[in-house]
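> So here's entry-v9.txt (compact mmCIF, C-alpha atoms).
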# COMPACT_ATOMS: atom_id res chain seq x y z
CA MET A 1 -10.63 -9.96 29.02
CA SER A 2 -14.07 -9.18 30.33
CA VAL A 3 -16.11 -6.32 28.99
CA THR A 4 -18.43 -4.45 31.27
CA PHE A 5 -21.72 -2.95 30.24
CA VAL A 6 -20.29 0.53 30.79
CA ASP A 7 -17.52 -0.12 28.26
CA LEU A 8 -20.05 -1.16 25.66
CA PHE A 9 -22.17 1.88 26.38
CA LYS A 10 -19.12 4.09 25.86
CA ILE A 11 -18.47 2.44 22.51
CA ILE A 12 -22.05 3.07 21.43
CA ILE A 13 -22.07 6.76 22.35
CA SER A 14 -18.64 7.52 20.94
CA ALA A 15 -19.13 5.60 17.68
CA ALA A 16 -22.61 6.91 16.97
CA PHE A 17 -22.32 10.53 18.07
CA ILE A 18 -18.94 11.83 19.21
CA GLU A 19 -16.92 10.21 16.44
CA ASN A 20 -19.80 10.18 13.97
CA ILE A 21 -18.41 8.50 10.90
CA LEU A 22 -19.76 11.13 8.51
CA LEU A 23 -19.70 14.38 10.40
CA ALA A 24 -16.55 13.95 12.48
CA ARG A 25 -14.43 11.52 10.45
CA TYR A 26 -15.49 12.32 6.87
CA ILE A 27 -15.89 8.70 5.84
CA GLY A 28 -18.66 7.48 3.54
CA LEU A 29 -19.62 10.85 2.15
CA CYS A 30 -20.48 9.76 -1.38
CA PRO A 31 -23.67 7.85 -0.49
CA TYR A 32 -24.43 10.44 2.19
CA ILE A 33 -24.57 13.27 -0.33
CA GLY A 34 -25.94 11.14 -3.14
CA MET A 35 -28.77 9.31 -1.36
CA SER A 36 -30.05 11.91 1.06
CA THR A 37 -32.67 13.44 -1.20
CA ASN A 38 -35.62 12.11 0.80
CA ILE A 39 -36.12 10.46 4.16
CA SER A 40 -37.34 7.03 3.04
CA ASN A 41 -34.38 6.58 0.68
CA SER A 42 -31.91 7.44 3.38
CA LEU A 43 -33.59 5.07 5.86
CA GLY A 44 -33.31 2.25 3.32
CA MET A 45 -29.68 3.07 2.73
CA GLY A 46 -29.00 3.21 6.46
CA MET A 47 -30.57 -0.21 6.95
CA ALA A 48 -28.53 -1.74 4.14
CA VAL A 49 -25.34 -0.18 5.48
CA ALA A 50 -26.01 -1.50 8.98
CA PHE A 51 -26.62 -5.00 7.68
CA VAL A 52 -23.49 -5.20 5.55
CA MET A 53 -21.36 -3.39 8.10
CA VAL A 54 -22.10 -5.83 10.93
CA LEU A 55 -21.71 -8.86 8.69
CA SER A 56 -18.43 -7.75 7.14
CA SER A 57 -16.90 -6.70 10.44
CA ILE A 58 -17.64 -10.11 11.93
CA VAL A 59 -16.20 -11.97 8.93
CA THR A 60 -13.07 -9.82 8.63
CA TRP A 61 -12.52 -9.95 12.39
CA GLY A 62 -12.56 -13.75 12.23
CA LEU A 63 -10.25 -13.83 9.22
CA TRP A 64 -7.82 -11.40 10.85
CA ASN A 65 -7.54 -13.18 14.18
CA TYR A 66 -7.63 -16.82 13.05
CA ILE A 67 -5.96 -16.73 9.63
CA PHE A 68 -4.00 -13.53 9.03
CA ILE A 69 -2.17 -13.25 12.34
CA PRO A 70 -1.19 -16.94 12.70
CA LEU A 71 0.05 -17.04 9.09
CA ARG A 72 1.65 -13.55 9.26
CA LEU A 73 -0.23 -12.28 6.22
CA GLU A 74 -0.96 -8.80 7.58
CA TYR A 75 0.28 -7.05 4.44
CA LEU A 76 -2.58 -8.56 2.42
CA ARG A 77 -5.16 -6.79 4.58
CA ILE A 78 -6.36 -4.15 2.11
CA MET A 79 -6.79 -6.51 -0.79
CA VAL A 80 -8.46 -9.35 1.07
CA PHE A 81 -10.83 -7.14 3.07
CA ILE A 82 -12.18 -5.28 0.06
CA LEU A 83 -12.67 -8.57 -1.81
CA VAL A 84 -14.43 -10.10 1.19
CA ILE A 85 -16.78 -7.14 1.33
CA ALA A 86 -17.49 -7.31 -2.40
CA VAL A 87 -18.23 -11.04 -2.23
CA LEU A 88 -20.35 -10.60 0.90
CA VAL A 89 -22.48 -7.90 -0.72
CA GLN A 90 -23.10 -10.15 -3.72
CA LEU A 91 -24.03 -13.07 -1.46
CA VAL A 92 -26.38 -10.98 0.63
CA GLU A 93 -28.04 -9.69 -2.50
CA ILE A 94 -28.62 -13.19 -3.91
CA LEU A 95 -29.83 -14.60 -0.59
CA LEU A 96 -32.20 -11.70 0.06
CA LYS A 97 -33.66 -11.87 -3.43
CA LYS A 98 -34.42 -15.56 -2.99
CA ASN A 99 -35.52 -15.80 0.63
CA LEU A 100 -36.73 -12.40 1.80
CA PRO A 101 -38.18 -10.58 -1.21
CA ASN A 102 -39.82 -7.95 1.00
CA LEU A 103 -36.58 -6.92 2.62
CA TYR A 104 -34.87 -7.08 -0.76
CA ARG A 105 -37.36 -4.60 -2.18
CA ALA A 106 -36.68 -2.25 0.74
CA MET A 107 -32.89 -2.23 0.51
CA GLY A 108 -31.92 -4.19 -2.60
CA ILE A 109 -31.11 -1.26 -4.83
CA TYR A 110 -28.70 0.16 -2.29
CA LEU A 111 -26.64 -3.01 -1.93
CA PRO A 112 -24.45 -2.70 -5.06
CA LEU A 113 -23.59 0.87 -4.06
CA ILE A 114 -22.31 -0.35 -0.73
CA THR A 115 -19.31 -2.23 -2.10
CA THR A 116 -17.52 1.04 -2.75
CA ASN A 117 -18.78 2.69 0.42
CA CYS A 118 -15.60 3.49 2.25
CA ALA A 119 -17.43 3.45 5.60
CA ILE A 120 -17.69 -0.35 5.50
CA LEU A 121 -14.01 -0.90 4.80
CA ALA A 122 -13.00 1.75 7.32
CA VAL A 123 -15.07 0.13 10.08
CA THR A 124 -13.45 -3.26 9.49
CA PHE A 125 -10.02 -1.58 9.81
CA PHE A 126 -10.98 0.36 12.93
CA GLY A 127 -12.39 -2.72 14.64
CA ILE A 128 -9.00 -4.38 14.26
CA ASP A 129 -6.89 -1.31 15.02
CA TYR A 130 -8.76 -0.76 18.30
CA ASN A 131 -8.10 -4.39 19.37
CA TYR A 132 -11.77 -5.06 20.00
CA ASN A 133 -13.09 -8.53 20.82
CA LEU A 134 -15.99 -10.04 18.88
CA LEU A 135 -18.76 -8.57 21.05
CA GLN A 136 -17.19 -5.13 20.95
CA VAL A 137 -16.80 -5.31 17.17
CA VAL A 138 -20.48 -6.15 16.75
CA ILE A 139 -21.60 -3.34 19.06
CA TYR A 140 -19.15 -0.94 17.44
CA SER A 141 -20.31 -1.61 13.88
CA ILE A 142 -23.99 -1.37 14.85
CA SER A 143 -23.41 1.99 16.49
CA VAL A 144 -21.39 3.35 13.56
CA ALA A 145 -24.24 2.36 11.28
CA LEU A 146 -26.66 4.07 13.67
CA GLY A 147 -24.60 7.25 13.48
CA PHE A 148 -24.52 7.01 9.70
CA THR A 149 -28.30 6.63 9.52
CA VAL A 150 -28.95 9.49 11.95
CA ALA A 151 -26.75 11.85 9.93
CA THR A 152 -28.23 10.87 6.55
CA VAL A 153 -31.82 11.10 7.79
CA LEU A 154 -31.15 14.51 9.34
CA LEU A 155 -29.67 15.83 6.11
CA ALA A 156 -32.51 14.30 4.07
CA GLY A 157 -35.08 15.99 6.27
CA ILE A 158 -33.39 19.35 5.87
CA ARG A 159 -33.01 18.92 2.13
CA GLU A 160 -36.72 18.13 1.78
CA LYS A 161 -37.48 21.49 3.38
CA LEU A 162 -34.74 23.25 1.43
CA ARG A 163 -36.63 22.65 -1.78
CA TYR A 164 -39.02 25.40 -0.74
CA ALA A 165 -36.34 27.80 0.44
CA LYS A 166 -35.00 30.67 -1.60
CA VAL A 167 -31.43 29.65 -2.37
CA PRO A 168 -29.27 31.50 -4.92
CA ASN A 169 -29.52 29.63 -8.19
CA PHE A 170 -25.94 28.39 -8.39
CA TYR A 171 -26.02 27.16 -4.78
CA ARG A 172 -28.94 24.79 -5.35
CA GLY A 173 -28.32 21.08 -4.84
CA TYR A 174 -24.87 19.91 -3.81
CA PRO A 175 -23.33 23.20 -2.61
CA MET A 176 -26.24 23.80 -0.27
CA ALA A 177 -26.11 20.19 0.94
CA PHE A 178 -22.50 20.74 1.98
CA ILE A 179 -23.23 23.99 3.74
CA VAL A 180 -26.06 22.33 5.67
CA THR A 181 -23.65 19.51 6.51
CA ALA A 182 -21.23 22.07 7.92
CA LEU A 183 -23.96 23.33 10.25
CA LEU A 184 -24.85 19.75 11.25
CA ALA A 185 -21.18 19.07 11.94
CA ILE A 186 -21.03 22.09 14.23
CA ALA A 187 -24.00 20.67 16.11
CA PHE A 188 -22.26 17.30 16.44
CA ILE A 189 -19.16 18.94 17.90
CA GLY A 190 -21.43 19.60 20.87
CA PHE A 191 -21.25 15.89 21.74
CA LYS A 192 -17.53 16.18 22.45
CA GLY A 193 -16.66 15.76 26.09
CA LEU A 194 -19.69 13.56 26.72
CA ILE A 195 -17.32 10.71 27.60
CA LYS A 196 -14.05 11.16 29.40
CA MET B 197 -0.78 14.14 -29.31
CA LYS B 198 -3.68 16.56 -29.61
CA GLN B 199 -5.96 13.85 -28.31
CA PHE B 200 -3.63 13.31 -25.35
CA TRP B 201 -3.99 16.95 -24.27
CA PHE B 202 -7.74 16.81 -24.78
CA TYR B 203 -8.15 13.93 -22.32
CA PHE B 204 -5.57 15.43 -20.00
CA LYS B 205 -7.39 18.77 -19.74
CA ASN B 206 -10.77 17.10 -19.44
CA GLY B 207 -9.83 15.70 -16.05
CA ILE B 208 -8.56 19.00 -14.73
CA ILE B 209 -11.27 21.37 -15.91
CA GLY B 210 -14.19 19.85 -17.82
CA GLU B 211 -14.92 16.87 -15.60
CA ASN B 212 -12.98 17.66 -12.45
CA PRO B 213 -13.54 14.54 -10.34
CA VAL B 214 -14.16 16.31 -7.06
CA LEU B 215 -16.05 19.46 -7.93
CA ARG B 216 -17.91 18.18 -10.98
CA LEU B 217 -18.43 14.45 -10.62
CA MET B 218 -18.73 14.61 -6.80
CA ILE B 219 -16.57 11.53 -6.27
CA GLY B 220 -13.65 10.85 -3.98
CA LEU B 221 -14.87 13.36 -1.44
CA CYS B 222 -13.89 11.63 1.78
CA SER B 223 -10.15 11.96 1.47
CA VAL B 224 -10.41 15.50 0.08
CA LEU B 225 -12.12 16.71 3.23
CA ALA B 226 -10.25 14.57 5.73
CA VAL B 227 -6.67 15.13 4.62
CA SER B 228 -6.85 18.81 3.65
CA VAL B 229 -5.95 20.15 7.11
CA LYS B 230 -2.38 20.85 5.96
CA VAL B 231 -0.95 21.53 2.51
CA GLU B 232 1.82 18.99 3.09
CA ASN B 233 -0.73 16.20 3.57
CA CYS B 234 -2.65 17.35 0.50
CA LEU B 235 0.37 17.08 -1.76
CA ALA B 236 1.26 13.63 -0.40
CA MET B 237 -2.32 12.43 -0.83
CA GLY B 238 -2.40 13.86 -4.35
CA ALA B 239 0.83 12.07 -5.24
CA ALA B 240 -0.51 8.80 -3.82
CA VAL B 241 -3.75 9.09 -5.79
CA ILE B 242 -1.92 10.01 -9.03
CA PHE B 243 0.37 6.98 -8.59
CA VAL B 244 -2.43 4.49 -7.91
CA LEU B 245 -4.69 5.95 -10.60
CA THR B 246 -2.03 5.98 -13.33
CA CYS B 247 -0.60 2.55 -12.55
CA SER B 248 -3.99 0.88 -12.35
CA SER B 249 -5.14 2.62 -15.54
CA ILE B 250 -2.07 1.36 -17.37
CA VAL B 251 -2.57 -2.23 -16.18
CA ILE B 252 -6.30 -2.26 -16.81
CA SER B 253 -5.95 -0.66 -20.22
CA LEU B 254 -3.34 -3.22 -21.26
CA LEU B 255 -5.47 -6.09 -19.97
CA ARG B 256 -8.78 -4.77 -21.28
CA LYS B 257 -9.13 -7.37 -24.06
CA GLY B 258 -8.37 -10.26 -21.72
CA ILE B 259 -10.77 -9.36 -18.91
CA PRO B 260 -14.13 -11.15 -19.16
CA ASP B 261 -16.98 -8.69 -18.71
CA GLN B 262 -18.71 -10.59 -15.88
CA VAL B 263 -15.76 -10.54 -13.50
CA ARG B 264 -14.30 -7.18 -14.37
CA ILE B 265 -15.16 -5.47 -11.08
CA PRO B 266 -13.29 -7.99 -8.86
CA ILE B 267 -10.31 -7.79 -11.23
CA PHE B 268 -10.29 -4.00 -11.03
CA ILE B 269 -10.41 -4.26 -7.26
CA VAL B 270 -7.43 -6.61 -7.17
CA VAL B 271 -5.37 -4.34 -9.45
CA ILE B 272 -6.25 -1.18 -7.53
CA SER B 273 -5.68 -2.73 -4.13
CA THR B 274 -2.26 -4.03 -5.20
CA PHE B 275 -1.07 -0.50 -5.94
CA THR B 276 -2.74 0.88 -2.83
CA THR B 277 -0.90 -1.68 -0.72
CA ILE B 278 2.38 -0.64 -2.35
CA VAL B 279 1.73 3.02 -1.50
CA ASP B 280 0.65 2.16 2.04
CA LEU B 281 3.71 0.07 2.81
CA VAL B 282 6.16 2.49 1.16
CA MET B 283 4.75 5.43 3.08
CA LYS B 284 4.81 3.52 6.34
CA ALA B 285 8.47 2.68 5.77
CA TYR B 286 9.85 5.98 4.45
CA LEU B 287 7.44 8.69 5.63
CA PRO B 288 6.13 7.37 8.95
CA SER B 289 4.97 10.72 10.33
CA LEU B 290 3.04 11.61 7.19
CA SER B 291 1.56 8.13 7.06
CA LYS B 292 0.37 8.52 10.64
CA ALA B 293 -1.19 11.92 9.90
CA MET B 294 -3.25 10.49 7.06
CA GLY B 295 -4.15 7.36 8.99
CA VAL B 296 -6.83 5.22 7.45
CA PHE B 297 -7.16 7.37 4.35
CA ILE B 298 -4.21 5.81 2.54
CA PRO B 299 -5.71 2.30 2.64
CA LEU B 300 -9.04 3.88 1.78
CA ILE B 301 -7.67 4.97 -1.63
CA VAL B 302 -8.75 1.49 -2.68
CA VAL B 303 -12.42 2.49 -2.36
CA ASN B 304 -11.83 6.00 -3.68
CA CYS B 305 -14.56 6.16 -6.29
CA ILE B 306 -12.39 8.19 -8.69
CA ILE B 307 -10.11 5.25 -9.39
CA MET B 308 -12.89 2.69 -9.76
CA ALA B 309 -14.94 5.07 -11.90
CA ARG B 310 -12.06 5.82 -14.26
CA ALA B 311 -11.18 2.12 -14.54
CA GLU B 312 -14.78 1.27 -15.37
CA ALA B 313 -15.61 4.24 -17.60
CA PHE B 314 -12.31 4.89 -19.31
CA ALA B 315 -9.31 2.59 -18.92
CA SER B 316 -11.24 -0.61 -19.65
CA ARG B 317 -12.45 0.79 -22.98
CA LYS B 318 -9.66 2.95 -24.39
CA PRO B 319 -6.09 2.20 -25.54
CA LEU B 320 -3.03 2.85 -23.44
CA LEU B 321 -2.12 6.45 -24.27
CA PRO B 322 -5.54 8.06 -23.75
CA SER B 323 -5.89 6.08 -20.51
CA ILE B 324 -2.62 7.49 -19.19
CA ALA B 325 -3.71 11.02 -20.21
CA ASP B 326 -7.04 10.58 -18.50
CA ALA B 327 -5.49 9.17 -15.32
CA LEU B 328 -2.92 11.97 -15.09
CA GLY B 329 -5.54 14.63 -15.78
CA MET B 330 -7.96 13.25 -13.21
CA GLY B 331 -5.18 12.83 -10.66
CA ILE B 332 -3.92 16.37 -11.14
CA GLY B 333 -7.46 17.74 -11.06
CA TYR B 334 -7.96 15.96 -7.74
CA THR B 335 -4.66 17.28 -6.38
CA LEU B 336 -5.46 20.86 -7.39
CA VAL B 337 -8.81 20.84 -5.60
CA ILE B 338 -7.47 19.20 -2.46
CA THR B 339 -4.57 21.67 -2.35
CA ALA B 340 -6.86 24.63 -2.93
CA ILE B 341 -8.88 23.56 0.10
CA GLY B 342 -5.74 22.77 2.09
CA VAL B 343 -4.22 26.22 1.50
CA VAL B 344 -7.25 28.00 2.94
CA ARG B 345 -7.62 25.61 5.86
CA GLU B 346 -3.97 25.70 6.86
CA LEU B 347 -3.69 29.47 6.43
CA PHE B 348 -6.66 30.23 8.66
CA GLY B 349 -6.42 27.21 10.92
CA TYR B 350 -2.69 27.33 11.72
CA GLY B 351 -1.64 30.70 10.26
CA SER B 352 0.90 29.01 8.01
CA ILE B 353 1.37 27.30 4.65
CA LEU B 354 3.57 24.23 4.33
CA SER B 355 4.36 24.84 8.03
CA ILE B 356 5.94 28.25 7.20
CA PRO B 357 4.22 30.84 9.39
CA LEU B 358 2.71 33.59 7.26
CA LEU B 359 0.31 35.47 9.50
CA PRO B 360 1.51 37.75 12.34
CA GLU B 361 1.91 36.17 15.74
CA THR B 362 -1.06 38.04 17.15
CA TYR B 363 -3.32 36.05 14.80
CA GLN B 364 -5.70 33.79 16.68
CA ASN B 365 -5.91 30.37 15.03
CA MET B 366 -9.36 29.72 13.65
CA MET B 367 -10.24 26.31 15.09
CA PHE B 368 -13.34 26.19 12.93
CA MET B 369 -11.23 25.65 9.80
CA ILE B 370 -9.38 22.65 11.22
CA LEU B 371 -12.55 20.98 12.45
CA PRO B 372 -14.91 19.15 10.06
CA PRO B 373 -17.43 22.04 9.60
CA GLY B 374 -14.78 24.25 7.98
CA ALA B 375 -14.04 21.58 5.37
CA PHE B 376 -17.71 21.05 4.55
CA LEU B 377 -18.36 24.76 4.28
CA LEU B 378 -15.34 25.38 2.03
CA ILE B 379 -16.16 22.63 -0.43
CA GLY B 380 -19.77 23.83 -0.58
CA ILE B 381 -18.60 27.34 -1.42
CA TYR B 382 -16.11 26.05 -4.02
CA ILE B 383 -18.73 23.99 -5.84
CA GLY B 384 -21.16 26.90 -5.82
CA VAL B 385 -18.57 29.32 -7.18
CA LEU B 386 -17.53 26.87 -9.89
CA ASN B 387 -21.20 26.43 -10.88
CA HIS B 388 -21.56 30.17 -11.13
CA VAL B 389 -18.39 30.67 -13.18
CA SER B 390 -19.11 27.84 -15.60
CA ARG B 391 -22.67 29.05 -16.16
CA ARG B 392 -21.38 32.54 -16.91
CA THR B 393 -18.83 31.26 -19.43
CA ASN B 394 -21.32 28.93 -21.13
CA LYS B 395 -23.74 31.76 -21.83
Please express what this file holds, its structure, as structure tokens.


Amino acid sequence: MSVTFVDLFKIIISAAFIENILLARYIGLCPYIGMSTNISNSLGMGMAVAFVMVLSSIVTWGLWNYIFIPLRLEYLRIMVFILVIAVLVQLVEILLKKNLPNLYRAMGIYLPLITTNCAILAVTFFGIDYNYNLLQVVIYSISVALGFTVATVLLAGIREKLRYAKVPNFYRGYPMAFIVTALLAIAFIGFKGLIK
Amino acid sequence: MKQFWFYFKNGIIGENPVLRLMIGLCSVLAVSVKVENCLAMGAAVIFVLTCSSIVISLLRKGIPDQVRIPIFIVVISTFTTIVDLVMKAYLPSLSKAMGVFIPLIVVNCIIMARAEAFASRKPLLPSIADALGMGIGYTLVITAIGVVRELFGYGSILSIPLLPETYQNMMFMILPPGAFLLIGIYIGVLNHVSRRTNK
């Protein structure tokens, strides 16, 4: 099965914008709402998510195609995938701390949070459900992470400005963040129909 | 018994997981297009939450502190797998409508948070009360959102048409923005009400 460049481009656009994991599929909202208080935090989070997402999709893809399917262990998918992600996050944290202290300082504090980020687990499921090959899975997970980062950074930017806006007292903080998200989601609906 | 009710109510009102603790949001927004889905999701969450709380509470003295998170994950994912497979077998259409969100119960922060903060520290009975309270609190919020979305989005509740036929379905409510807007309004209103009553 050969994959043309156009196919990959379609995956990128649809994963990052049309089917944006946060604004169109409602996955991974907890870190999105929790971490988007300023732009540098949300960039760090986005980087950490991208890193773990690509790594875990590759590992789970390999496990699924070379171990689970031949041995007919499909029913163990949920349990094994979440454990693989948890172990992977721990490993990445230890390795980064030891070998790349600079990178660790930039995204280290976000790593433990990522284990329970449903976006990671969901992407590993989607990659398998869509029957992607390895290259497609890699491209797909990078673009989902890109979409995640774009959405978080956008919200963070708006929330930084919101601090100076006159918002009714009981709508400060989370309620306003959700209402802004609703407006962002309307904007993202505009991407629909970009790919036939 | 008094204590049981205290923990039970705490989950529904005092520390409602969705509106107060801001956890478990993904499935609330994604599934709440129809009331039917909301009730099924609520039942699934109550089942997983209660069963895993019971197991973790019973095992709490035997679990070493360093490896508690992986053990919680194994327990929670066991019950999630049960729900997933049972729904696929007996309620295939509902299972299809909820898609990836049934397996995603395993990373629903409510369950992990209650295991970590409550069930691993308290005896069996309070843990059950807490799990039921939190589960019902979750179900109430998700249904409250589902009622509004289904009524305005499809003109019906539980697939029973309620609005006159001339009513134009409000697509906005079925699409993601409607969900985000509604939950924002709910949290704001709850903030307002609780501040009034605290004064």

> Applying 9 Å and all atoms listed in the file, which residues near Phe81 (chain A) remain after dropping the ones on its own chain fewer than 6 positions away? List them as a list in words.

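Listed by chain and then number, they are Ser56, Thr60, Leu121, Thr124 and Phe125 of chain A.
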
> Quick one: everything within 10 Å of Leu225 (chain B), counting only C-alpha atoms, minus sequence neighbours fewer than 6 positions away in the same chain. Send it as number ranges by chain.

A: 25-27, 29; B: 234, 338, 341-342, 372-376, 378-379

> For chain B against chain A, which residues fall within 7 Å using only C-alpha atoms, given as a PDB file with C-alpha atoms, in the frame of the given file?


ATOM      1  CA  ILE B 219     -16.570  11.530  -6.270  1.00  0.00           C
ATOM      2  CA  LEU B 221     -14.870  13.360  -1.440  1.00  0.00           C
ATOM      3  CA  CYS B 222     -13.890  11.630   1.780  1.00  0.00           C
ATOM      4  CA  LEU B 225     -12.120  16.710   3.230  1.00  0.00           C
ATOM      5  CA  ALA B 226     -10.250  14.570   5.730  1.00  0.00           C
ATOM      6  CA  VAL B 270      -7.430  -6.610  -7.170  1.00  0.00           C
ATOM      7  CA  SER B 273      -5.680  -2.730  -4.130  1.00  0.00           C
ATOM      8  CA  THR B 274      -2.260  -4.030  -5.200  1.00  0.00           C
ATOM      9  CA  THR B 277      -0.900  -1.680  -0.720  1.00  0.00           C
ATOM     10  CA  PRO B 299      -5.710   2.300   2.640  1.00  0.00           C
ATOM     11  CA  LEU B 300      -9.040   3.880   1.780  1.00  0.00           C
ATOM     12  CA  VAL B 303     -12.420   2.490  -2.360  1.00  0.00           C
ATOM     13  CA  CYS B 305     -14.560   6.160  -6.290  1.00  0.00           C
ATOM     14  CA  PRO B 372     -14.910  19.150  10.060  1.00  0.00           C
ATOM     15  CA  PRO B 373     -17.430  22.040   9.600  1.00  0.00           C
ATOM     16  CA  GLY B 374     -14.780  24.250   7.980  1.00  0.00           C
ATOM     17  CA  PHE B 376     -17.710  21.050   4.550  1.00  0.00           C
ATOM     18  CA  LEU B 377     -18.360  24.760   4.280  1.00  0.00           C
ATOM     19  CA  GLY B 380     -19.770  23.830  -0.580  1.00  0.00           C
ATOM     20  CA  ILE B 381     -18.600  27.340  -1.420  1.00  0.00           C
ATOM     21  CA  ILE B 383     -18.730  23.990  -5.840  1.00  0.00           C
ATOM     22  CA  GLY B 384     -21.160  26.900  -5.820  1.00  0.00           C
ATOM     23  CA  ASN B 387     -21.200  26.430 -10.880  1.00  0.00           C
ATOM     24  CA  HIS B 388     -21.560  30.170 -11.130  1.00  0.00           C
TER      25      HIS B 388
END

> Which residue gives the smallest distance to Ala313 (chain B) among B:Lys198, B:Lys284, B:Arg264, B:Arg392, with all atoms listed in the file counted?

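Selected residue with least distance to Ala313 (chain B): B:Arg264.
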
> Counting only C-alpha atoms, which of B:Ile356, B:Val271, B:Leu386, B:Ile306 gets nearest to Lys230 (chain B)?

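Under the stated criterion, the closest residue is B:Ile356.
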
> Using all atoms listed in the file, list the residues that have an atom at most 12 Å from (-18.9, -2.8, 29.0), coordinates as in the file, as an NGL selection string.

:A and (1-12 or 132-133 or 135-136 or 139-140)

> Pick out the closest residue to Ile259 (chain B) from this set: B:Leu235, B:Glu312, B:Leu336, B:Phe200. Count all atoms listed in the file.

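For Ile259 (chain B), the nearest of the given residues is B:Glu312.
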
> Starting from 4 Å padding per side, set up an axis-aligned box that covers all listed atoms of region 65-74 of chain A and hand over centre and edge lengths in Å, one decimal, as lines of an AutoDock Vina configuration file.


center_x = -3.0
center_y = -12.9
center_z = 10.2
size_x = 17.3
size_y = 16.2
size_z = 16.0

> Of the candidates A:Ser143, A:Phe148, A:Ile85, A:Gly190, which shows the shortest atom-to-atom distance to Ile13 (chain A), using all atoms listed in the file?

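Ranked by minimum distance to Ile13 (chain A), first place goes to A:Ser143.
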
> When you draw a straight line from CA of Val150 (chain A) to CA of Met47 (chain A), how long is it in Å?

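Here the two named atoms are 11.0 Å from each other.
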
> Applying 9 Å and only C-alpha atoms, which residues near region 203-213 of chain B remain after dropping the ones on its own chain fewer than 4 positions away? List them as a ChimeraX atom specification.

/B:198-199,217-220,306,322-334,336-337

> When distances are computed from only C-alpha atoms, which of A:Val153, A:Asn131, A:Val92, A:Ile158 shows the smallest separation from Pro112 (chain A)?

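The answer is A:Val92, which sits nearest to Pro112 (chain A).
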
> One decimal, in Å: what's the spacing between CA of Leu281 (chain B) and CA of Val229 (chain B)?

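About the pair CA of Leu281 (chain B) and CA of Val229 (chain B): they are 22.7 Å apart.
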
> In Å to one decimal, how far is CA of Ile307 (chain B) from CA of Thr246 (chain B)?

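Atom-to-atom, CA of Thr246 (chain B) and CA of Ile307 (chain B) are spaced 9.0 Å apart.
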
> Could you pull out every residue with an atom within 12 Å of (-11.7, 32.0, 9.4), file coordinates, counting all atoms listed in the file, and send them as a PyMOL selection string?

chain B and resi 344-351+363-371+373-375+377-378

> Considering all atoms listed in the file, state which residue in the set A:Leu194, A:Ala151, A:Leu63, A:Leu162 is at the smallest distance from Asn20 (chain A).

A:Ala151
